[in-house]
file query.pdb (PDB, C-alpha atoms, pLDDT in the B column)
ATOM      1  CA  MET W   2      -0.024  10.265 -44.479  1.00 48.00           C
ATOM      2  CA  LYS W   3       3.202   9.187 -42.839  1.00 52.00           C
ATOM      3  CA  LYS W   4       3.066  11.661 -39.926  1.00 52.00           C
ATOM      4  CA  PRO W   5      -0.284  10.531 -38.438  1.00 51.00           C
ATOM      5  CA  ASP W   6       0.750   6.871 -38.738  1.00 51.00           C
ATOM      6  CA  THR W   7       4.067   7.576 -37.025  1.00 49.00           C
ATOM      7  CA  PHE W   8       2.334   9.603 -34.318  1.00 45.00           C
ATOM      8  CA  LEU W   9      -0.160   6.814 -33.594  1.00 45.00           C
ATOM      9  CA  LEU W  10       2.623   4.243 -33.472  1.00 44.00           C
ATOM     10  CA  ALA W  11       4.690   6.367 -31.086  1.00 47.00           C
ATOM     11  CA  THR W  12       1.680   7.129 -28.889  1.00 47.00           C
ATOM     12  CA  GLY W  13       0.637   3.477 -28.788  1.00 51.00           C
ATOM     13  CA  SER W  14       4.168   2.392 -27.863  1.00 48.00           C
ATOM     14  CA  ALA W  15       4.379   4.956 -25.068  1.00 46.00           C
ATOM     15  CA  LEU W  16       1.010   3.850 -23.729  1.00 43.00           C
ATOM     16  CA  ALA W  17       2.056   0.197 -23.796  1.00 45.00           C
ATOM     17  CA  LEU W  18       5.283   1.008 -21.948  1.00 45.00           C
ATOM     18  CA  GLY W  19       3.341   3.027 -19.390  1.00 45.00           C
ATOM     19  CA  LEU W  20       1.010   0.122 -18.733  1.00 43.00           C
ATOM     20  CA  LEU W  21       3.905  -2.302 -18.565  1.00 44.00           C
ATOM     21  CA  PHE W  22       5.675  -0.337 -15.840  1.00 46.00           C
ATOM     22  CA  ALA W  23       2.562   0.786 -13.934  1.00 47.00           C
ATOM     23  CA  ALA W  24       1.876  -2.541 -12.205  1.00 53.00           C
ATOM     24  CA  PRO W  25       5.314  -2.913 -10.514  1.00 57.00           C
ATOM     25  CA  ALA W  26       5.213   0.733  -9.425  1.00 61.00           C
ATOM     26  CA  GLU W  27       1.809   0.211  -7.832  1.00 61.00           C
ATOM     27  CA  ALA W  28       3.022  -2.916  -6.076  1.00 63.00           C
ATOM     28  CA  GLY W  29       5.986  -0.990  -4.720  1.00 83.00           C
ATOM     29  CA  ARG W  30       3.735   1.801  -3.513  1.00 90.00           C
ATOM     30  CA  ILE W  31       1.626  -0.580  -1.421  1.00 91.00           C
ATOM     31  CA  HIS W  32       4.734  -2.262   0.010  1.00 91.00           C
ATOM     32  CA  ASN W  33       6.444   1.063   0.776  1.00 94.00           C
ATOM     33  CA  ARG W  34       3.372   2.380   2.530  1.00 95.00           C
ATOM     34  CA  SER W  35       3.179  -0.766   4.631  1.00 94.00           C
ATOM     35  CA  GLU W  36       6.812  -0.279   5.651  1.00 95.00           C
ATOM     36  CA  ARG W  37       6.200   3.389   6.533  1.00 96.00           C
ATOM     37  CA  GLN W  38       3.247   2.414   8.693  1.00 96.00           C
ATOM     38  CA  GLN W  39       5.385  -0.208  10.444  1.00 96.00           C
ATOM     39  CA  ALA W  40       7.943   2.528  11.125  1.00 96.00           C
ATOM     40  CA  ARG W  41       5.206   4.761  12.574  1.00 97.00           C
ATOM     41  CA  ILE W  42       4.139   1.960  14.905  1.00 96.00           C
ATOM     42  CA  ALA W  43       7.766   1.377  15.960  1.00 96.00           C
ATOM     43  CA  GLN W  44       8.214   5.096  16.596  1.00 97.00           C
ATOM     44  CA  GLY W  45       5.076   5.089  18.754  1.00 96.00           C
ATOM     45  CA  VAL W  46       6.461   2.216  20.802  1.00 96.00           C
ATOM     46  CA  ALA W  47       9.849   3.916  21.190  1.00 96.00           C
ATOM     47  CA  SER W  48       8.299   7.213  22.288  1.00 94.00           C
ATOM     48  CA  GLY W  49       5.854   5.540  24.666  1.00 95.00           C
ATOM     49  CA  GLN W  50       2.803   6.814  22.762  1.00 95.00           C
ATOM     50  CA  LEU W  51       1.555   3.259  22.166  1.00 95.00           C
ATOM     51  CA  THR W  52       0.758   0.769  24.893  1.00 95.00           C
ATOM     52  CA  ALA W  53       1.579  -2.902  24.490  1.00 95.00           C
ATOM     53  CA  ARG W  54      -2.060  -3.750  23.747  1.00 96.00           C
ATOM     54  CA  GLU W  55      -2.386  -0.966  21.153  1.00 96.00           C
ATOM     55  CA  THR W  56       0.841  -2.084  19.507  1.00 96.00           C
ATOM     56  CA  ALA W  57      -0.247  -5.712  19.357  1.00 97.00           C
ATOM     57  CA  ARG W  58      -3.600  -4.759  17.842  1.00 97.00           C
ATOM     58  CA  LEU W  59      -2.031  -2.485  15.191  1.00 97.00           C
ATOM     59  CA  GLU W  60       0.637  -5.061  14.325  1.00 96.00           C
ATOM     60  CA  SER W  61      -2.040  -7.732  13.994  1.00 97.00           C
ATOM     61  CA  ARG W  62      -4.086  -5.594  11.620  1.00 97.00           C
ATOM     62  CA  GLU W  63      -1.019  -4.765   9.538  1.00 96.00           C
ATOM     63  CA  ALA W  64      -0.035  -8.443   9.303  1.00 96.00           C
ATOM     64  CA  ARG W  65      -3.596  -9.420   8.345  1.00 97.00           C
ATOM     65  CA  LEU W  66      -3.605  -6.864   5.532  1.00 96.00           C
ATOM     66  CA  ASP W  67      -0.197  -8.061   4.297  1.00 95.00           C
ATOM     67  CA  ARG W  68      -1.453 -11.666   4.206  1.00 96.00           C
ATOM     68  CA  LYS W  69      -4.569 -10.566   2.327  1.00 96.00           C
ATOM     69  CA  VAL W  70      -2.467  -8.750  -0.286  1.00 95.00           C
ATOM     70  CA  SER W  71      -0.247 -11.820  -0.684  1.00 94.00           C
ATOM     71  CA  ARG W  72      -3.277 -14.041  -1.247  1.00 95.00           C
ATOM     72  CA  MET W  73      -4.720 -11.616  -3.803  1.00 94.00           C
ATOM     73  CA  ARG W  74      -1.407 -11.528  -5.661  1.00 93.00           C
ATOM     74  CA  ALA W  75      -1.176 -15.326  -5.656  1.00 94.00           C
ATOM     75  CA  HIS W  76      -4.601 -15.607  -7.275  1.00 92.00           C
ATOM     76  CA  ASN W  77      -3.742 -13.051  -9.965  1.00 90.00           C
ATOM     77  CA  GLY W  78      -0.275 -14.175 -10.963  1.00 91.00           C
ATOM     78  CA  GLY W  79       1.581 -11.639  -8.836  1.00 89.00           C
ATOM     79  CA  ALA W  80      -0.399  -8.516  -9.695  1.00 91.00           C
ATOM     80  CA  LEU W  81      -3.398  -6.752  -8.222  1.00 92.00           C
ATOM     81  CA  THR W  82      -6.350  -5.590 -10.255  1.00 94.00           C
ATOM     82  CA  VAL W  83      -7.318  -1.931 -10.180  1.00 95.00           C
ATOM     83  CA  HIS W  84     -10.233  -2.704  -7.861  1.00 96.00           C
ATOM     84  CA  GLN W  85      -8.105  -4.795  -5.517  1.00 95.00           C
ATOM     85  CA  ARG W  86      -5.460  -2.085  -5.370  1.00 95.00           C
ATOM     86  CA  ALA W  87      -8.109   0.512  -4.514  1.00 96.00           C
ATOM     87  CA  ARG W  88      -9.503  -1.750  -1.789  1.00 96.00           C
ATOM     88  CA  VAL W  89      -6.044  -2.315  -0.296  1.00 96.00           C
ATOM     89  CA  GLU W  90      -5.343   1.419  -0.327  1.00 97.00           C
ATOM     90  CA  ARG W  91      -8.649   2.115   1.488  1.00 97.00           C
ATOM     91  CA  GLN W  92      -7.699  -0.462   4.104  1.00 97.00           C
ATOM     92  CA  GLN W  93      -4.275   1.144   4.442  1.00 97.00           C
ATOM     93  CA  ASP W  94      -5.985   4.519   4.890  1.00 97.00           C
ATOM     94  CA  ARG W  95      -8.116   3.044   7.681  1.00 97.00           C
ATOM     95  CA  LEU W  96      -5.067   1.505   9.352  1.00 97.00           C
ATOM     96  CA  SER W  97      -3.200   4.787   9.081  1.00 97.00           C
ATOM     97  CA  ARG W  98      -6.050   6.602  10.850  1.00 97.00           C
ATOM     98  CA  ASN W  99      -6.022   3.934  13.565  1.00 97.00           C
ATOM     99  CA  ILE W 100      -2.286   4.397  14.075  1.00 97.00           C
ATOM    100  CA  TYR W 101      -2.735   8.162  14.397  1.00 96.00           C
ATOM    101  CA  ARG W 102      -5.648   7.836  16.820  1.00 96.00           C
ATOM    102  CA  GLN W 103      -3.851   5.335  19.025  1.00 96.00           C
ATOM    103  CA  LYS W 104      -0.696   7.435  19.123  1.00 95.00           C
ATOM    104  CA  HIS W 105      -2.645  10.561  20.084  1.00 94.00           C
ATOM    105  CA  ASP W 106      -5.210   9.164  22.525  1.00 92.00           C
ATOM    106  CA  GLY W 107      -3.361  10.271  25.656  1.00 87.00           C
ATOM    107  CA  GLN W 108      -2.501   6.776  26.839  1.00 83.00           C
ATOM    108  CA  SER W 109       1.128   5.938  27.433  1.00 79.00           C
ATOM    109  CA  ARG W 110       2.999   2.924  28.653  1.00 75.00           C
TER     110      ARG W 110
END
call {"tool": "encode", "arguments": {"input": "query.pdb", "output": "structure tokens"}}
result
Amino acid sequence: MKKPDTFLLATGSALALGLLFAAPAEAGRIHNRSERQQARIAQGVASGQLTARETARLESREARLDRKVSRMRAHNGGALTVHQRARVERQQDRLSRNIYRQKHDGQSR
């Protein structure tokens, strides 16, 4: 009888540790992606692929999303729910597509 009890205890502990460290990792992933997208915008400006208007629009959208994430975190004690995280990631996907499209639309400064 001791082995199944020990196995369940070890499995439960590992699961609890996984859940404990999952939230900060997810938060870091959203932040890191935001930084990478900022770098892509900066690279587009440096290479001349983005016009001033395109840059302003992309920066505005990125800032709006960052403010939205901050508000969501404030309401939830610093963490995002699974649904909120999925929604933020979809919005980041949309912004990423916009960055790509603006950089490759043939306009230059």
call {"tool": "atom_distance", "arguments": {"input": "query.pdb", "atom1": "atom CA of W:His105", "atom2": "atom CA of W:Leu51"}}
result
8.7 Å
call {"tool": "atom_distance", "arguments": {"input": "query.pdb", "atom1": "atom CA of W:Glu55", "atom2": "atom CA of W:Gly29"}}
result
27.2 Å
call {"tool": "residues_around", "arguments": {"input": "query.pdb", "residues": "W:Arg65", "least_positions_apart": "6", "cutoff": "12 Å", "atoms": "only C-alpha atoms", "output": "PyMOL selection string"}}
result
chain W and resi 35+58-59+71-72+89+92-93+96
call {"tool": "closest_residue", "arguments": {"input": "query.pdb", "among": "W:Ser48, W:Gly79, W:Gln108, W:Arg91", "to": "W:Leu66", "atoms": "only C-alpha atoms"}}
result
W:Arg91
call {"tool": "axis_aligned_box", "arguments": {"input": "query.pdb", "around": "stretch 36-40 of chain W", "padding_each_side": "3 Å", "output": "lines of an AutoDock Vina configuration file"}}
result
center_x = 5.6
center_y = 1.6
center_z = 8.4
size_x = 10.7
size_y = 9.7
size_z = 11.5
call {"tool": "closest_residue", "arguments": {"input": "query.pdb", "among": "W:Gly107, W:Val83, W:Asp67, W:Arg95", "to": "W:Asn33", "atoms": "all atoms listed in the file"}}
result
W:Asp67
call {"tool": "closest_residue", "arguments": {"input": "query.pdb", "among": "W:Ala75, W:Ile31, W:Val46, W:Val70", "to": "W:Ser109", "atoms": "all atoms listed in the file"}}
result
W:Val46
call {"tool": "atom_distance", "arguments": {"input": "query.pdb", "atom1": "atom CA of W:Arg110", "atom2": "atom CA of W:Ala53"}}
result
7.3 Å
call {"tool": "closest_residue", "arguments": {"input": "query.pdb", "among": "W:Leu81, W:Glu63, W:Ala40, W:Thr52", "to": "W:Asp94", "atoms": "all atoms listed in the file"}}
result
W:Glu63
call {"tool": "closest_residue", "arguments": {"input": "query.pdb", "among": "W:Ala87, W:Ile42, W:Ala57, W:Ala80", "to": "W:Arg102", "atoms": "all atoms listed in the file"}}
result
W:Ile42
call {"tool": "closest_residue", "arguments": {"input": "query.pdb", "among": "W:Asn77, W:Gln38, W:Gln85, W:Ser61", "to": "W:Tyr101", "atoms": "only C-alpha atoms"}}
result
W:Gln38
call {"tool": "build_atoms", "arguments": {"input": "query.pdb", "residues": "stretch 29-52 of chain W", "atoms": "N, CA and C atoms", "output": "CSV table (one decimal), in the frame of the given file"}}
result
chain,number,residue,atom,x,y,z
W,29,GLY,N,5.0,-1.6,-5.6
W,29,GLY,CA,6.0,-1.0,-4.7
W,29,GLY,C,5.4,0.1,-3.8
W,30,ARG,N,4.4,0.8,-4.3
W,30,ARG,CA,3.7,1.8,-3.5
W,30,ARG,C,3.0,1.2,-2.3
W,31,ILE,N,2.3,0.1,-2.5
W,31,ILE,CA,1.6,-0.6,-1.4
W,31,ILE,C,2.6,-1.1,-0.4
W,32,HIS,N,3.7,-1.7,-0.9
W,32,HIS,CA,4.7,-2.3,0.0
W,32,HIS,C,5.4,-1.1,0.8
W,33,ASN,N,5.8,-0.1,0.1
W,33,ASN,CA,6.4,1.1,0.8
W,33,ASN,C,5.6,1.7,1.8
W,34,ARG,N,4.3,1.8,1.5
W,34,ARG,CA,3.4,2.4,2.5
W,34,ARG,C,3.3,1.5,3.8
W,35,SER,N,3.2,0.2,3.5
W,35,SER,CA,3.2,-0.8,4.6
W,35,SER,C,4.4,-0.6,5.5
W,36,GLU,N,5.6,-0.5,4.9
W,36,GLU,CA,6.8,-0.3,5.7
W,36,GLU,C,6.8,1.0,6.4
W,37,ARG,N,6.3,2.1,5.8
W,37,ARG,CA,6.2,3.4,6.5
W,37,ARG,C,5.3,3.3,7.7
W,38,GLN,N,4.2,2.6,7.6
W,38,GLN,CA,3.2,2.4,8.7
W,38,GLN,C,3.9,1.6,9.8
W,39,GLN,N,4.7,0.6,9.4
W,39,GLN,CA,5.4,-0.2,10.4
W,39,GLN,C,6.4,0.7,11.2
W,40,ALA,N,7.0,1.6,10.5
W,40,ALA,CA,7.9,2.5,11.1
W,40,ALA,C,7.2,3.5,12.1
W,41,ARG,N,6.0,3.9,11.7
W,41,ARG,CA,5.2,4.8,12.6
W,41,ARG,C,4.8,4.0,13.9
W,42,ILE,N,4.5,2.8,13.7
W,42,ILE,CA,4.1,2.0,14.9
W,42,ILE,C,5.4,1.8,15.8
W,43,ALA,N,6.5,1.5,15.2
W,43,ALA,CA,7.8,1.4,16.0
W,43,ALA,C,8.1,2.7,16.7
W,44,GLN,N,7.9,3.8,16.0
W,44,GLN,CA,8.2,5.1,16.6
W,44,GLN,C,7.3,5.3,17.8
W,45,GLY,N,6.0,4.9,17.7
W,45,GLY,CA,5.1,5.1,18.8
W,45,GLY,C,5.5,4.3,20.0
W,46,VAL,N,6.0,3.1,19.7
W,46,VAL,CA,6.5,2.2,20.8
W,46,VAL,C,7.7,2.9,21.5
W,47,ALA,N,8.6,3.3,20.7
W,47,ALA,CA,9.8,3.9,21.2
W,47,ALA,C,9.6,5.2,22.0
W,48,SER,N,8.6,6.0,21.6
W,48,SER,CA,8.3,7.2,22.3
W,48,SER,C,7.4,7.0,23.5
W,49,GLY,N,6.8,5.8,23.6
W,49,GLY,CA,5.9,5.5,24.7
W,49,GLY,C,4.4,6.0,24.4
W,50,GLN,N,4.2,6.4,23.1
W,50,GLN,CA,2.8,6.8,22.8
W,50,GLN,C,1.9,5.6,22.6
W,51,LEU,N,2.4,4.5,22.4
W,51,LEU,CA,1.6,3.3,22.2
W,51,LEU,C,1.8,2.3,23.3
W,52,THR,N,0.7,1.8,23.9
W,52,THR,CA,0.8,0.8,24.9
W,52,THR,C,1.0,-0.6,24.2
